[in-house]
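Novice: After the structure tokens below, expect a handful of questions from me.
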Amino acid sequence: MRVSKLFGKTLRQTPSEAENISHQLLLKAGMIHQVAAGAYSYLPLGWRALKKVENIVRQEMDDIGGQELHMPVLQPLELWQQTERDQAFGKSLFILSDRRDRKLVLAPTHEEVTTELVRRNVQSYRDLPLLLYQIQTKFRDEPRPRGGLMRVREFTMKDMYSFDTDEDAMNVSYGKIVGAYERIYQRCGLPALIVDADSGAIGGKESHEFMVIAESGEDQILYCSNCDYAANLEKADSIKAENEKEEMLSLEEIATPGIITIKDLAKFLNIPESKTLKAVFYSADGEVVFVVIRGDIEVNEVKLKNVLKCHELRLATEEEVRGAGLVAGSASPMGLTDIRRVADPSITLGANFVAGANKPDTHVKNVNYPRDFAVDIMTDIATANAGEGCPRCGGKLLFTRGIEVGHVFKLGTFFSERLGATFLDPGGVGRSIFMGSYGIGIGRLLAAAIEQNHDEKGIIWPVSIAPYQVHLCPISTDDSEVASAADRLYLQLQEEGLEVLFDDRTESPGVKLNDADLLGMPVRVILSPRTLKSQSAEVKRRSEKEAMIIPLEGSVERLKAILSR
RNA sequence: CGGGGUGUGGCGCAGUGGUUAGCGCGCAUGGUUUGGGACCAUGAGGUCGCCGGUUCAAAUCCGGCCACCCCGACCA
């Protein structure tokens with residue numbers, strides 16, 4: 001490709017709207033263009049890189065026996081109502097009406113349609129296992145698109161679905177795909193960490209995310225300094241420190257004028273926050289729920305949402321709290337019967353807690369569970385923190401941020417049961433198909449690759465996903481010798497199957513070299529009167545500081561060798 | 001949705017009531033240049049986000065709306 005003909009210009013100043021490095025560089029390099037919040041055009045260079053990522057993903061999916069197909073983005077809303085995922089996705093679901101006023105959705109993912117398709121085509125255990133996938137556009141009306149390609153409302157996703165006869169077989173498929181994912185990230189030049197994750201709106205019981213460790217990442221990760229435990233913060237468990245052992249004492253009311261928060265309470269009584277019980281009220285799909293947890297620990301709302309099996313969870317309003325007969329600031333789990341009560345096991349890690357009295361300006365000392373109150377659900381709903389104990393080995397948990405570049409789910413029979421996707425086993429018995437769902441955001445992966453591979457001058461593409469492999473950059477192009485040598489080399493490289501970006505512009509050296517650094521092709525080749533004197537070219541890897549001079553004779557082979565290194 | 005911010009040629013910005021709205025970069029034409037964002041000359045390009053109001057006069061003041069960005073609650 002000749003730069004003089006290339007659509008898309010590099011910018012000298014970074015557009016002010018970009019905060020993220022990948023966003024800045026993609027804009028500055030003329031690889032993407034924003035159309036609306038979370039909707040981008042890919043210009044030719046950006047599109048080539050995206051296609052490279054896509055092809056790597058495609059190869060790895062094919063290699064494990066995946067079959068590529070294509071399903072529609074446009075889908076009837078009814079299909080989503082059958083699985084109640086119209087509720088689960090809520091406002092993130094793009095819904096539109098057709099001319100007959102039928103409701104259609106722009107699909108954010110394809111479990112329903114795939115399951116429906118498989119239901120029609122699979123009857124026997126002999127048809128399983130099955131791996132189907134597509135690489136296709138998804139729509140999600142994100143509350144807040146951000147970071148350029150990091151989080152957009154229209155994006156290309158590779159989504160694969162596995163179909164198996166039972167749980168063990170599902171786990172085998174799952175493992176295969178996890179292996180393929182690891183190879184994909186490796187090939188894209190991205191070290192990715194696999195972490196335990198919440199299933200969110202996709203559903204299912206077990207799920208893992210692939211994270212690229214990056215300061216700019218949206219996700220928070222806890223990982224063990226000792227073993228290989230790693231989890232998204234919203235899923236992470238931890239071992240909390242236990243309070244000192246002590247004998248249970250009898251209840252005692254105390255006056256606490258004006259004390260509302262745990263912090264103030266602890267200060268007022270001169271005790272650690274871990275000696276208090278915190279009451280928090282939530283509205284779960286409209287129902288007020290009482291939550292109690294040790295005072296020093298935060299509620300993990302994702303865990304709570306899963307426990308309550310609700311679609312919408314938020315803190316209850318003051319009116320809702322009052323309406324439930326509770327006194328905010330001094331609420332108590334004691335004596336409550338007509339609201340659902342959820343407790344975290346941390347309330348048993350100690351004794352003689354201070355809790356609310358459900359009377360204004362009053363608390364109660366020496367509260368002990370289960371002596372003094374009962375709960376409906378006792379389960380882990382605690383937020384884990386760095387420094388706490390690893391749930392697997394007890395080691396110390398550490399914190400980092402990451403970019404989620406893939407997510408895999410064990411769905412079990414959630415979709416197949418609701419949509420009637422069954423098969424006959426060898427004994428002629430009808431059974432629900434065990435499914436898995438596996439997604440990679442292609443554009444996000446591209447952005448993550450740039451976040452990981454750049455310097456102050458620009459992008460440093462890994463060879464595998466670079467738009468072009470070689471950036472041919474003649475200097476002094478009005479020198480006819482240089483111009484013709486460059487033309488010859490350009491043709492020769494292409495004939496040898498190399499992908500070449502040829503800067504044939506009559507720009508000054510500074511402009512061309514800076515553009516080459518910004519665009520970031522893996523190898524830069526310079527021809528100039530100087531190099532031609534010795535019938536040579538200067539070759540420099542974008543990732544390295546030093547250039548080398550190689551003879552023009554045999555340069556193609558040298559370049560190939562450098563690229564495959 | 002809560003909080004913060006920004007809208008002025010392609011990009012970065014200036015312009016707090018008073019001529020035909022400026023500057024840098026980029027772009028076009030001609031010329032001189034060519035190993036790290038060259039120089040000279042000439043030129044094109046703007047309903048100042050939109051609607052309404054105040055005023056003799058609005059990019060500038062007032063009201064409403066919209067868009068975009070950032071921080072949080074959601075996700076590949």
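Ligands are numbered from 1 in the order shown, residues from 1 within each chain, and chains are lettered A, B, ... in the order they appear in the structure tokens.
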Could you write out, as a PyMOL selection string, all the residues of segment 11-219 of chain A that DSSP marks as alpha helix (DSSP H)?

Specialist: chain A and resi 21-28+44-63+77-82+85-89+111-121+167-187

Novice: Near U55 of chain B, within 12 Å and counting only C-alpha atoms (C1' of nucleotides), which residues show up once chain neighbours fewer than 6 positions away are dropped, as a ChimeraX atom specification?

Specialist: /B:17-18,61-62

Novice: Dump as a PyMOL selection string the residues of chain B that approach chain A to within 7 Å, counting only C-alpha atoms (C1' of nucleotides).

Specialist: chain B and resi 11-12+34-37+69+74+76

Novice: List the spatial neighbours of Gly387 of chain A as a CSV table (one decimal) with N, CA, C and O atoms, in the first residue's frame - criterion: any atom at most 12 Å away, only C-alpha atoms (C1' of nucleotides), same-chain residues fewer than 3 positions off excluded.

Specialist:
```csv
chain,number,residue,atom,x,y,z
A,222,LEU,N,-8.1,-9.6,42.2
A,222,LEU,CA,-7.3,-10.0,43.4
A,222,LEU,C,-6.7,-11.3,43.0
A,222,LEU,O,-7.3,-12.2,42.4
A,223,TYR,N,-5.4,-11.4,43.3
A,223,TYR,CA,-4.7,-12.7,43.0
A,223,TYR,C,-3.8,-13.0,44.2
A,223,TYR,O,-3.4,-12.2,45.0
A,224,CYS,N,-3.5,-14.3,44.3
A,224,CYS,CA,-2.8,-14.8,45.5
A,224,CYS,C,-1.3,-14.7,45.2
A,224,CYS,O,-0.8,-15.0,44.1
A,225,SER,N,-0.6,-14.3,46.2
A,225,SER,CA,0.9,-14.2,46.1
A,225,SER,C,1.6,-15.5,46.2
A,225,SER,O,2.7,-15.7,45.9
A,238,SER,N,-12.4,-14.2,50.2
A,238,SER,CA,-11.1,-14.1,51.0
A,238,SER,C,-11.4,-14.5,52.4
A,238,SER,O,-12.5,-14.7,52.9
A,239,ILE,N,-10.3,-14.8,53.1
A,239,ILE,CA,-10.4,-15.2,54.5
A,239,ILE,C,-10.2,-13.9,55.3
A,239,ILE,O,-9.2,-13.2,55.2
A,240,LYS,N,-11.3,-13.6,56.1
A,240,LYS,CA,-11.2,-12.4,56.9
A,240,LYS,C,-10.6,-12.7,58.3
A,240,LYS,O,-10.7,-13.8,58.8
A,241,ALA,N,-9.9,-11.7,58.8
A,241,ALA,CA,-9.3,-11.9,60.2
A,241,ALA,C,-10.4,-12.0,61.2
A,241,ALA,O,-11.4,-11.4,61.2
A,384,ALA,N,-14.0,-8.8,49.0
A,384,ALA,CA,-12.6,-9.1,49.4
A,384,ALA,C,-11.7,-7.9,49.2
A,384,ALA,O,-12.0,-7.0,48.4
A,390,CYS,N,-6.0,-15.7,51.1
A,390,CYS,CA,-6.4,-16.4,49.9
A,390,CYS,C,-7.4,-17.5,50.3
A,390,CYS,O,-7.1,-18.3,51.2
A,394,GLY,N,-4.7,-19.6,51.8
A,394,GLY,CA,-4.4,-18.8,53.0
A,394,GLY,C,-3.4,-17.7,52.7
A,394,GLY,O,-3.1,-16.9,53.6
A,395,GLY,N,-2.7,-17.8,51.6
A,395,GLY,CA,-1.7,-16.8,51.3
A,395,GLY,C,-2.3,-15.4,51.2
A,395,GLY,O,-3.5,-15.2,51.3
A,396,LYS,N,-1.4,-14.4,51.0
A,396,LYS,CA,-1.8,-13.0,51.0
A,396,LYS,C,-2.4,-12.6,49.6
A,396,LYS,O,-1.7,-12.9,48.6
A,397,LEU,N,-3.5,-11.9,49.6
A,397,LEU,CA,-4.1,-11.5,48.3
A,397,LEU,C,-3.5,-10.2,47.9
A,397,LEU,O,-3.3,-9.3,48.7
A,398,LEU,N,-3.3,-10.0,46.6
A,398,LEU,CA,-2.7,-8.8,46.0
A,398,LEU,C,-3.7,-8.2,45.0
A,398,LEU,O,-4.5,-9.0,44.5
A,399,PHE,N,-3.6,-6.9,44.8
A,399,PHE,CA,-4.5,-6.2,43.9
A,399,PHE,C,-3.9,-5.8,42.6
A,399,PHE,O,-2.7,-5.4,42.6
```

Novice: Could you pull out all residues of segment 176-247 of chain A with a DSSP call of strand (DSSP E or B) and give them as a ChimeraX atom specification?

Specialist: /A:192-196,206-213,219-224,230-232,239

Novice: Grab the residues selected above and save them as a PDB file, in the first residue's frame with N, CA, C and O atoms.

Specialist:
```
ATOM      1  N   ALA A 192      -2.211 -12.967  29.147  1.00  0.00           N
ATOM      2  CA  ALA A 192      -3.521 -12.834  29.773  1.00  0.00           C
ATOM      3  C   ALA A 192      -3.630 -13.776  30.972  1.00  0.00           C
ATOM      4  O   ALA A 192      -3.188 -14.922  30.930  1.00  0.00           O
ATOM      5  N   LEU A 193      -4.222 -13.260  32.020  1.00  0.00           N
ATOM      6  CA  LEU A 193      -4.398 -14.005  33.256  1.00  0.00           C
ATOM      7  C   LEU A 193      -5.831 -14.514  33.287  1.00  0.00           C
ATOM      8  O   LEU A 193      -6.759 -13.784  32.958  1.00  0.00           O
ATOM      9  N   ILE A 194      -6.008 -15.781  33.688  1.00  0.00           N
ATOM     10  CA  ILE A 194      -7.373 -16.299  33.777  1.00  0.00           C
ATOM     11  C   ILE A 194      -7.850 -16.149  35.218  1.00  0.00           C
ATOM     12  O   ILE A 194      -7.145 -16.512  36.152  1.00  0.00           O
ATOM     13  N   VAL A 195      -9.019 -15.556  35.385  1.00  0.00           N
ATOM     14  CA  VAL A 195      -9.515 -15.298  36.742  1.00  0.00           C
ATOM     15  C   VAL A 195     -10.946 -15.801  36.905  1.00  0.00           C
ATOM     16  O   VAL A 195     -11.703 -15.866  35.931  1.00  0.00           O
ATOM     17  N   ASP A 196     -11.305 -16.129  38.132  1.00  0.00           N
ATOM     18  CA  ASP A 196     -12.680 -16.502  38.444  1.00  0.00           C
ATOM     19  C   ASP A 196     -13.564 -15.283  38.253  1.00  0.00           C
ATOM     20  O   ASP A 196     -13.181 -14.177  38.630  1.00  0.00           O
ATOM     21  N   GLU A 206     -20.544 -21.306  36.516  1.00  0.00           N
ATOM     22  CA  GLU A 206     -19.123 -21.086  36.658  1.00  0.00           C
ATOM     23  C   GLU A 206     -18.634 -20.289  35.463  1.00  0.00           C
ATOM     24  O   GLU A 206     -19.090 -20.492  34.341  1.00  0.00           O
ATOM     25  N   SER A 207     -17.715 -19.408  35.712  1.00  0.00           N
ATOM     26  CA  SER A 207     -17.218 -18.621  34.597  1.00  0.00           C
ATOM     27  C   SER A 207     -15.841 -18.066  34.897  1.00  0.00           C
ATOM     28  O   SER A 207     -15.470 -17.888  36.053  1.00  0.00           O
ATOM     29  N   HIS A 208     -15.089 -17.860  33.839  1.00  0.00           N
ATOM     30  CA  HIS A 208     -13.748 -17.287  33.975  1.00  0.00           C
ATOM     31  C   HIS A 208     -13.572 -16.150  32.986  1.00  0.00           C
ATOM     32  O   HIS A 208     -14.123 -16.185  31.890  1.00  0.00           O
ATOM     33  N   GLU A 209     -12.771 -15.185  33.404  1.00  0.00           N
ATOM     34  CA  GLU A 209     -12.429 -14.090  32.507  1.00  0.00           C
ATOM     35  C   GLU A 209     -10.940 -14.149  32.205  1.00  0.00           C
ATOM     36  O   GLU A 209     -10.161 -14.592  33.042  1.00  0.00           O
ATOM     37  N   PHE A 210     -10.589 -13.646  31.020  1.00  0.00           N
ATOM     38  CA  PHE A 210      -9.182 -13.502  30.672  1.00  0.00           C
ATOM     39  C   PHE A 210      -8.842 -12.029  30.786  1.00  0.00           C
ATOM     40  O   PHE A 210      -9.504 -11.195  30.175  1.00  0.00           O
ATOM     41  N   MET A 211      -7.823 -11.751  31.569  1.00  0.00           N
ATOM     42  CA  MET A 211      -7.477 -10.366  31.856  1.00  0.00           C
ATOM     43  C   MET A 211      -6.069 -10.049  31.383  1.00  0.00           C
ATOM     44  O   MET A 211      -5.129 -10.810  31.634  1.00  0.00           O
ATOM     45  N   VAL A 212      -5.957  -8.907  30.727  1.00  0.00           N
ATOM     46  CA  VAL A 212      -4.634  -8.375  30.430  1.00  0.00           C
ATOM     47  C   VAL A 212      -4.339  -7.357  31.524  1.00  0.00           C
ATOM     48  O   VAL A 212      -5.116  -6.422  31.730  1.00  0.00           O
ATOM     49  N   ILE A 213      -3.276  -7.598  32.242  1.00  0.00           N
ATOM     50  CA  ILE A 213      -2.942  -6.704  33.345  1.00  0.00           C
ATOM     51  C   ILE A 213      -2.561  -5.331  32.792  1.00  0.00           C
ATOM     52  O   ILE A 213      -1.668  -5.215  31.966  1.00  0.00           O
ATOM     53  N   ASP A 219     -11.269  -3.357  35.130  1.00  0.00           N
ATOM     54  CA  ASP A 219     -11.581  -4.402  36.095  1.00  0.00           C
ATOM     55  C   ASP A 219     -10.566  -4.458  37.224  1.00  0.00           C
ATOM     56  O   ASP A 219      -9.390  -4.174  37.043  1.00  0.00           O
ATOM     57  N   GLN A 220     -11.069  -4.851  38.384  1.00  0.00           N
ATOM     58  CA  GLN A 220     -10.210  -4.990  39.547  1.00  0.00           C
ATOM     59  C   GLN A 220     -10.041  -6.465  39.846  1.00  0.00           C
ATOM     60  O   GLN A 220     -11.012  -7.217  39.838  1.00  0.00           O
ATOM     61  N   ILE A 221      -8.809  -6.835  40.090  1.00  0.00           N
ATOM     62  CA  ILE A 221      -8.492  -8.254  40.250  1.00  0.00           C
ATOM     63  C   ILE A 221      -7.752  -8.474  41.560  1.00  0.00           C
ATOM     64  O   ILE A 221      -6.885  -7.686  41.929  1.00  0.00           O
ATOM     65  N   LEU A 222      -8.100  -9.558  42.248  1.00  0.00           N
ATOM     66  CA  LEU A 222      -7.316  -9.987  43.395  1.00  0.00           C
ATOM     67  C   LEU A 222      -6.664 -11.316  43.028  1.00  0.00           C
ATOM     68  O   LEU A 222      -7.314 -12.185  42.441  1.00  0.00           O
ATOM     69  N   TYR A 223      -5.392 -11.441  43.338  1.00  0.00           N
ATOM     70  CA  TYR A 223      -4.712 -12.698  43.040  1.00  0.00           C
ATOM     71  C   TYR A 223      -3.812 -13.049  44.212  1.00  0.00           C
ATOM     72  O   TYR A 223      -3.409 -12.185  44.992  1.00  0.00           O
ATOM     73  N   CYS A 224      -3.530 -14.345  44.313  1.00  0.00           N
ATOM     74  CA  CYS A 224      -2.784 -14.817  45.476  1.00  0.00           C
ATOM     75  C   CYS A 224      -1.284 -14.729  45.220  1.00  0.00           C
ATOM     76  O   CYS A 224      -0.806 -15.047  44.128  1.00  0.00           O
ATOM     77  N   ALA A 230      -6.863 -16.459  41.370  1.00  0.00           N
ATOM     78  CA  ALA A 230      -7.046 -15.096  40.882  1.00  0.00           C
ATOM     79  C   ALA A 230      -8.522 -14.924  40.583  1.00  0.00           C
ATOM     80  O   ALA A 230      -9.156 -15.833  40.045  1.00  0.00           O
ATOM     81  N   ALA A 231      -9.077 -13.788  40.942  1.00  0.00           N
ATOM     82  CA  ALA A 231     -10.505 -13.584  40.723  1.00  0.00           C
ATOM     83  C   ALA A 231     -10.806 -12.117  40.503  1.00  0.00           C
ATOM     84  O   ALA A 231     -10.124 -11.236  41.019  1.00  0.00           O
ATOM     85  N   ASN A 232     -11.837 -11.888  39.720  1.00  0.00           N
ATOM     86  CA  ASN A 232     -12.371 -10.547  39.590  1.00  0.00           C
ATOM     87  C   ASN A 232     -12.868 -10.136  40.979  1.00  0.00           C
ATOM     88  O   ASN A 232     -13.462 -10.942  41.696  1.00  0.00           O
ATOM     89  N   ILE A 239     -10.312 -14.802  53.121  1.00  0.00           N
ATOM     90  CA  ILE A 239     -10.421 -15.165  54.538  1.00  0.00           C
ATOM     91  C   ILE A 239     -10.230 -13.894  55.345  1.00  0.00           C
ATOM     92  O   ILE A 239      -9.201 -13.222  55.226  1.00  0.00           O
TER      93      ILE A 239
END
```

Novice: Using only C-alpha atoms (C1' of nucleotides), which residues sit within 9 Å of Val178 of chain A once same-chain residues fewer than 4 positions away are excluded, as a list in words?

Specialist: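 My list of contacting residues is Ser173, Tyr174, Glu182, Arg183, Ile194, Val408 and Tyr438 of chain A.
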
Novice: Excluding A21 of chain B and its own-chain neighbours fewer than 5 positions away, which residues fall within 9 Å of it when counting only C-alpha atoms (C1' of nucleotides)? Please give them as an MDAnalysis selection string.

Specialist: chainID B and resid 8 15 46 48 59

Novice: Restricting the calculation to only C-alpha atoms: of A:Val539, A:Val35, A:Leu131, A:Leu43, which residue gets closest to Lys176 of chain A?

Specialist: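 That would be A:Leu131, the residue with the smallest distance to Lys176 of chain A.
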
Novice: Tell me which protein, DNA and RNA residues are within 12 Å of Glu320 of chain A, counting only C-alpha atoms (C1' of nucleotides), leaving out same-chain ones fewer than 3 positions away, and put them as a list of chain:residue names.

Specialist: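 Answer for this query is A:Phe281, A:Tyr282, A:Ser283, A:Ala284, A:Gly286, A:Glu287, A:Val288, A:Val289, A:Phe290, A:Arg314, A:Leu315, A:Ala316, A:Thr317, A:Gly323, A:Ala324, A:Gly325, A:Leu326, A:Val327, A:Ala328, A:Ile339.
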
Novice: Using only C-alpha atoms (C1' of nucleotides), determine which residues lie at most 12 Å from Ser543 of chain A, disregarding the query and same-chain residues fewer than 6 positions distant; provide the list as a ChimeraX atom specification.

Specialist: /A:453-455,457-463,517,520-524,562-563

Novice: Quick one: distance from atom CA of Tyr125 of chain A to atom CA of Asp425 of chain A in Å, one decimal?

Specialist: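 Straight-line distance from atom CA of Tyr125 of chain A to atom CA of Asp425 of chain A works out to 5.3 Å.
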
Novice: Looking at B:G22, B:G10, B:A28, B:U54, which one is nearest to U42 of chain B, with distances taken over only C-alpha atoms (C1' of nucleotides)?

Specialist: B:A28

Novice: In Å, rounded to a single decimal, give me how far atom CA of Asp504 of chain A is from atom CA of Leu518 of chain A.

Specialist: 16.8 Å

Novice: Taking only C-alpha atoms (C1' of nucleotides) into account, name the residue in B:C71, B:A57, B:C40, B:C51 that is nearest to U19 of chain B.

Specialist: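 Result for the nearest residue to U19 of chain B: B:A57.
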
Novice: As an exercise, work out the distance from atom CA of Gly65 of chain A to atom CA of Ile433 of chain A in Å and give it to one decimal place.

Specialist: 18.4 Å
